[in-house]
Each structure stands twice: as C-alpha cells, then as structure tokens.
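Encoded as structure tokens, the structure appears first; notes follow it.
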Amino acid sequence: MGHQILFLLTLTTIVLLATTISAHNITDILSAFPEYSDFNNYLTQTKLDDEINSRQTITVLVLNNGALSALTAKHPISVIKNALSLHVILDYYDPTKLHQIPKGSTLSTTLYQTTGNAPGNLGFVNITDLQGGKVGFGSAVPGSKLDSSYTKAVKQIPYNISVIEISAPIIAPGILTAPAPSASDVNITAALEKAGCKTFASLITANGVIKTFQSTADKGLTVFAPNDEAFKAAGVPDINKLSNADKVSLLLYHARAGYTPKGTLKTTKDPIDTLATNGAGKYDLKVTTAGDEVTLHTGVDSSRIADTVLDATPLAIFTVDNVLLPEELFGKSPSPAPAPGPVTTPSPAPVLAPSPVEAPSPTKASPPAPPAETPSGSPADAPMAESENSKTANGAHHVKGSAVMAVVLTGCATVISSLFLS
C-alpha cells in the first residue's frame with residue numbers, strides 16, 4: 001500500500017510541476033510602459049526579444065527612453081545589440097534578492113556571454129549591494145566602475161522573469177568601439193571556409209548562389225551551412241549528378257531571407273521558408289527545440305544547428321551537421337516496413353454454445369484519488385512582485401503545451417490510481 005501511495009504522490013508532483021511552467025513575453029510586458037518604448041523597439045529590431053522569451057529564468061535591466069538615448073544615438077544596430085545583451089542577466093533578481101547578495105557582491109552571466117564574442121569577464125555584470133540601500137551595476141571587467149544603480153522594480157513573475165529599471169547603461173570596455181562592418185562587407189565564403197564548410201563554400205561559388213546571398217544580406221540573411229563531413233555521410237546523394245537547376249535549388253534551400261538568430265528559431269512554431277521557396281514548391285523547414293538545441297527538419301532528413309559562425313544583425317550564419325535534403329527534390333523519408341503478420345493455423349470447427357446468460361454488472365471501480373494540494377512555499381505560491389505602476393493584465397501566459405501535458409498526466413494518474421486502489 002505504501003508503494004502505491006508513493007507512486008501516486010510522484011505522479012501528482014509531476015502534474016503540479018507541469019502546471020506551474022509558464023512563459024513570458026517581454027514585448028507585451030514593456031508595452032504597458034511608454035517610458036520604455038525605445039528599449040522595447042530595439043529588443044524587437046535586434047531579435048533579442050525572442051532570445052529573452054525562449055529562456056525560462058531571466059532578468060532584464062531596462063532603461064527609460066532618456067537613459068537609452070545616450071547608447072543608441074551614435075552606434076549601429078549590431079553594436080546596440082551587443083550592449084543590450086549585457087543588460088539581460090541569465091538569472092532571477094528581484095528587489096529582495098538584490099539586497100541579499102552573499103558577501104554583498106556577485107558577478108552574473110549575461111546574454112552577451114553566450115555570443116562567443118566576450119573574452120574573459122566581458123560578458124558578466126557586477127552587482128553590488130551598496131551602503132544606504134542602493135544597488136550598483138557595472139561591467140565585471142577588473143577596474144570597471146559601478147556607473148549604474150537600481151531605480152525601481154517594473155515587473156516580476158517569480159521565478160521566471162524580473163524586469164527592473166536601472167539608472168544608466170552598463171558599458172563594458174570596448175563594447176561600443178568593436179568593429180561593426182555592414183553585411184555587405186562580410187566575406188561569406190571566407191567565414192564559411194574558416195568554420196569548416198569549404199565544400200559548401202565551393203558549391204555556392206561555383207553555381208553562382210553566392211551572388212544571391214550577397215544581394216540578400218543587407219536586408220537580412222540566415223545561412224545553414226553543412227560542414228565538410230556532412231557531404232561525406234552515407235546516404236547523401238551525389239550533388240554533381242543533379243541538374244543545374246536542382247543544384248541551385250538545393251543550395252538556396254540552405255538559406256533564408258531575413259535575420260533569424262538562434263533565439264528566434266527557438267520560438268518558431270510554423271514552418272519557415274527558404275531562398276528556394278517558389279510557386280513550384282514550398283521548400284520549407286520545420287523547427288523543433290529541445291533545451292538549447294535547435295533541429296531543422298526537411299521531411300527527408302533532419303539536422304541540428306551545431307555552431308554559430310556569425311551573428312551580427314542583419315546576418316546570421318550557422319553550421320549544421322547534415323546536408324538538408326528537400327522533399328521537392330528527394331521525396332519523403334521512407335516509412336518503416338510493416339512488421340510481418342502472425343502465422344495462423346486452421347481453426348477447429350466451431351462448437352455451438354448454449355444460450356448466453358446475462359453476466360452480472362462489473363464491480364464499480366474505486367474512485368480516483370483526490371488531487372493533492374500544492375505545498376505551501378512553492379514557487380507557484382510565491383507573491384507577484386510588481387512596481388506600483390505595474391499592470392497585472394500584462395505578463396506571462398501559461399504554455400499551452402504544458403497545460404495539455406498536465407491534463408494528460410492528470411488522466412494517467414487517475415487511471416493508474418483506479419487500478420491500484422480497486
């Protein structure tokens with residue numbers, strides 16, 4: 001009996017965890033505050049909003065329009081993106097936690113650290129609890145000053161997202177002076193060759209596709225480049241045997257118009273088009289996400305995004321593990337062969353049975369176990385921390401998938417409990 005109760009409690013815990021998972025939308029949150037309209041617009045332009053929305057625990061250090069203008073007035077969008085990435089902390093900080101920092105100071109990882117462009121402590125922020133109830137923020141690079149301070153809480157959804165206002169931008173050494181070439185200045189083939197995609201670089205050059213890439217790049221381009229090993233894998237067709245038109249379509253299938261960084265791909269639900277998409281065929285890709293891993297599906301094969309070669313608005317270049325084979329050229333992936341049916345033997349002649357007797361009604365199944373109550377003190381019961389001008393109408397919406405999962409798990413718990421307790 002003890003094992004049955006333990007089993008049911010485990011199932012109930014899973015259901016409770018599934019129902020507490022929630023998602024946030026930073027643009028929806030900030031849209032309620034006109035004083036952050038510029039900050040919100042730049043999050044959208046740089047696609048940082050998608051990266052923020054794809055993460056489960058995060059803190060956004062927001063700047064009002066006046067404070068942000070000092071950062072955005074004289075810098076291109078790629079530099080602004082790097083600077084704003086330094087204002088997105090990969091941890092949850094609300095006003096209470098800011099004043100309970102162990103030893104009074106901590107270095108916290110930011111979104112900029114995940115770009116691969118932040119050597120040393122450049123992608124970290126120093127948070128220090130100062131005397132008199134103030135909290136200072138600054139670059140974690142040794143010798144940097146705490147040039148910004150905590151102003152107020154804007155919106156908190158424990159322990160999912162916290163939005164707090166700070167007084168001034170956090171500027172890491174060199175982040176505003178880093179070279180920011182335009183997309184047309186980037187040597188795409190050289191970048192691909194350096195990333196181990198020499199075969200793909202050679203193919204797009206020989207077939208004239210590089211010209212399409214270059215003409216598209218200034219308005220936004222995303223490339224999914226197979227590495228050299230991908231072309232040697234078993235099952236990959238001989239590219240040279242394709243017609244010129246099919247060869248071009250295959251290569252164009254590995255890119256799409258528009259700047260689509262990894263954070264945007266992680267929040268993509270619908271199929272995405274490619275440069276090969278035309279009236280004769282969809283040539284689209286489906287995207288799935290597992291944690292931080294993103295996988296592209298063609299209908300024939302699939303490939304994960306392995307590495308980021310370049311992420312500089314409006315150009316993104318990724319490497320993929322496999323050559324992407326579109327259905328329009330290579331058909332759908334073969335379905336598995338059906339399992340052989342069981343061998344049958346001739347059945348004996350039927351024997352007439354006596355008239356059926358009505359069977360008694362089955363014993364009524366035991367009722368399902370009552371739902372367990374959420375334990376007190378859990379994150380789901382934590383109070384909603386908001387500033388005095390926060391609006392509860394904006395914020396998180398529960399993930400639909402999590403809700404469906406909760407219903408399924410609840411049904412499973414009910415059925416299993418009936419079986420165990422009957």
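Residues in the structure tokens are numbered from 1 in each chain, the chains being A, B, ... in the order shown, and ligands are numbered from 1 in the order shown.
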Residues within 9 Å of A:Tyr42, please, as number ranges by chain. Count only C-alpha atoms; anything in the same chain fewer than 3 positions from it doesn't count. A: 37-39, 45-49, 77, 80-81, 84
Using DSSP assignments from the backbone, pull out every residue in stretch 196-240 of chain A that falls under alpha helix (DSSP H) and give it to me as a count of residues only. 18
Which residue of A:Asn25, A:Thr288, A:Asn82, A:Thr274 approaches A:Leu252 most closely, using only C-alpha atoms: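 Distance minimum relative to A:Leu252 lands on A:Thr274.
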List as a ChimeraX atom specification the protein and nucleic acid residues near stretch 198-214 of chain A, meaning an atom at most 12 Å away when only C-alpha atoms are counted, but skip any in the same chain fewer than 5 places from it. /A:182-193,219-232,239-240,243-258,274-276,315-317,319-320,322-324
Closest of A:Ser167, A:Thr216, A:Ser139, A:Asn53 to A:Tyr259 - atom-to-atom distances counting only C-alpha atoms: A:Thr216
Among listed residues A:Leu265, A:Ile171, A:Cys197, A:Leu98, nearest A:Phe124 (using only C-alpha atoms):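 For A:Phe124, the nearest of the given residues is A:Ile171.
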Could you tell me how far atom CA of A:Tyr92 lies from atom CA of A:Ala70, in Å and to one decimal? 26.7 Å
For atom CA of A:Tyr283 and atom CA of A:Glu51, quote the distance in Å rounded to one decimal. 25.9 Å
So how many Å separate atom CA of A:Ala153 and atom CA of A:Ala83, to one decimal? 21.1 Å
Write out as a ChimeraX atom specification the set of residues from stretch 74-135 of chain A that DSSP, computed on the backbone, places in strand (DSSP E or B). /A:88-89,105-110,124-129,135
Pick from A:Gln131, A:Leu146, A:Thr264, A:Thr96: nearest to A:Leu43, with only C-alpha atoms counted?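 Residue with the minimum atom-to-atom distance to A:Leu43: A:Thr264.
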Could you list, as a JSON list (two decimals) with N, CA, C and O atoms, in the first residue's frame, every residue within 7 Å of A:Leu63, counting only C-alpha atoms and ignoring same-chain residues fewer than 4 positions away?
[["chain", "number", "residue", "atom", "x", "y", "z"],
["A", 36, "TYR", "N", 9.43, 53.03, -21.68],
["A", 36, "TYR", "CA", 10.40, 52.04, -22.16],
["A", 36, "TYR", "C", 10.15, 51.68, -23.63],
["A", 36, "TYR", "O", 10.61, 50.65, -24.09],
["A", 39, "PHE", "N", 13.41, 51.14, -25.69],
["A", 39, "PHE", "CA", 14.07, 49.90, -25.29],
["A", 39, "PHE", "C", 13.33, 48.71, -25.90],
["A", 39, "PHE", "O", 13.95, 47.78, -26.43],
["A", 67, "ALA", "N", 17.56, 57.58, -20.77],
["A", 67, "ALA", "CA", 18.83, 56.92, -20.48],
["A", 67, "ALA", "C", 19.33, 56.12, -21.67],
["A", 67, "ALA", "O", 20.54, 56.04, -21.92],
["A", 68, "LEU", "N", 18.41, 55.55, -22.44],
["A", 68, "LEU", "CA", 18.81, 54.73, -23.58],
["A", 68, "LEU", "C", 19.36, 55.57, -24.73],
["A", 68, "LEU", "O", 20.21, 55.10, -25.49],
["A", 165, "GLU", "N", 14.30, 48.54, -13.47],
["A", 165, "GLU", "CA", 14.89, 49.71, -14.13],
["A", 165, "GLU", "C", 16.19, 50.08, -13.46],
["A", 165, "GLU", "O", 16.30, 50.07, -12.22],
["A", 166, "ILE", "N", 17.22, 50.39, -14.29],
["A", 166, "ILE", "CA", 18.47, 50.91, -13.76],
["A", 166, "ILE", "C", 18.68, 52.32, -14.33],
["A", 166, "ILE", "O", 18.05, 52.72, -15.30],
["A", 167, "SER", "N", 19.58, 53.06, -13.70],
["A", 167, "SER", "CA", 19.68, 54.50, -13.99],
["A", 167, "SER", "C", 20.44, 54.83, -15.26],
["A", 167, "SER", "O", 20.15, 55.86, -15.89],
["A", 168, "ALA", "N", 21.39, 53.98, -15.65],
["A", 168, "ALA", "CA", 22.24, 54.30, -16.80],
["A", 168, "ALA", "C", 22.71, 53.02, -17.48],
["A", 168, "ALA", "O", 22.69, 51.95, -16.86]]
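Each of A:Asp307, A:Glu328, A:Phe33, A:Gly299 was compared to A:Thr114 using only C-alpha atoms, and A:Asp307 turns out to be the nearest.
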Counting only C-alpha atoms, what is within 10 Å of A:Lys282, bar same-chain residues fewer than 4 positions away, as a PyMOL selection string? chain A and resi 271-274+276-278+326-328
Proximity to A:Leu325 - best of A:Ala118, A:Ile26, A:Leu71, A:Val236, only C-alpha atoms: A:Val236
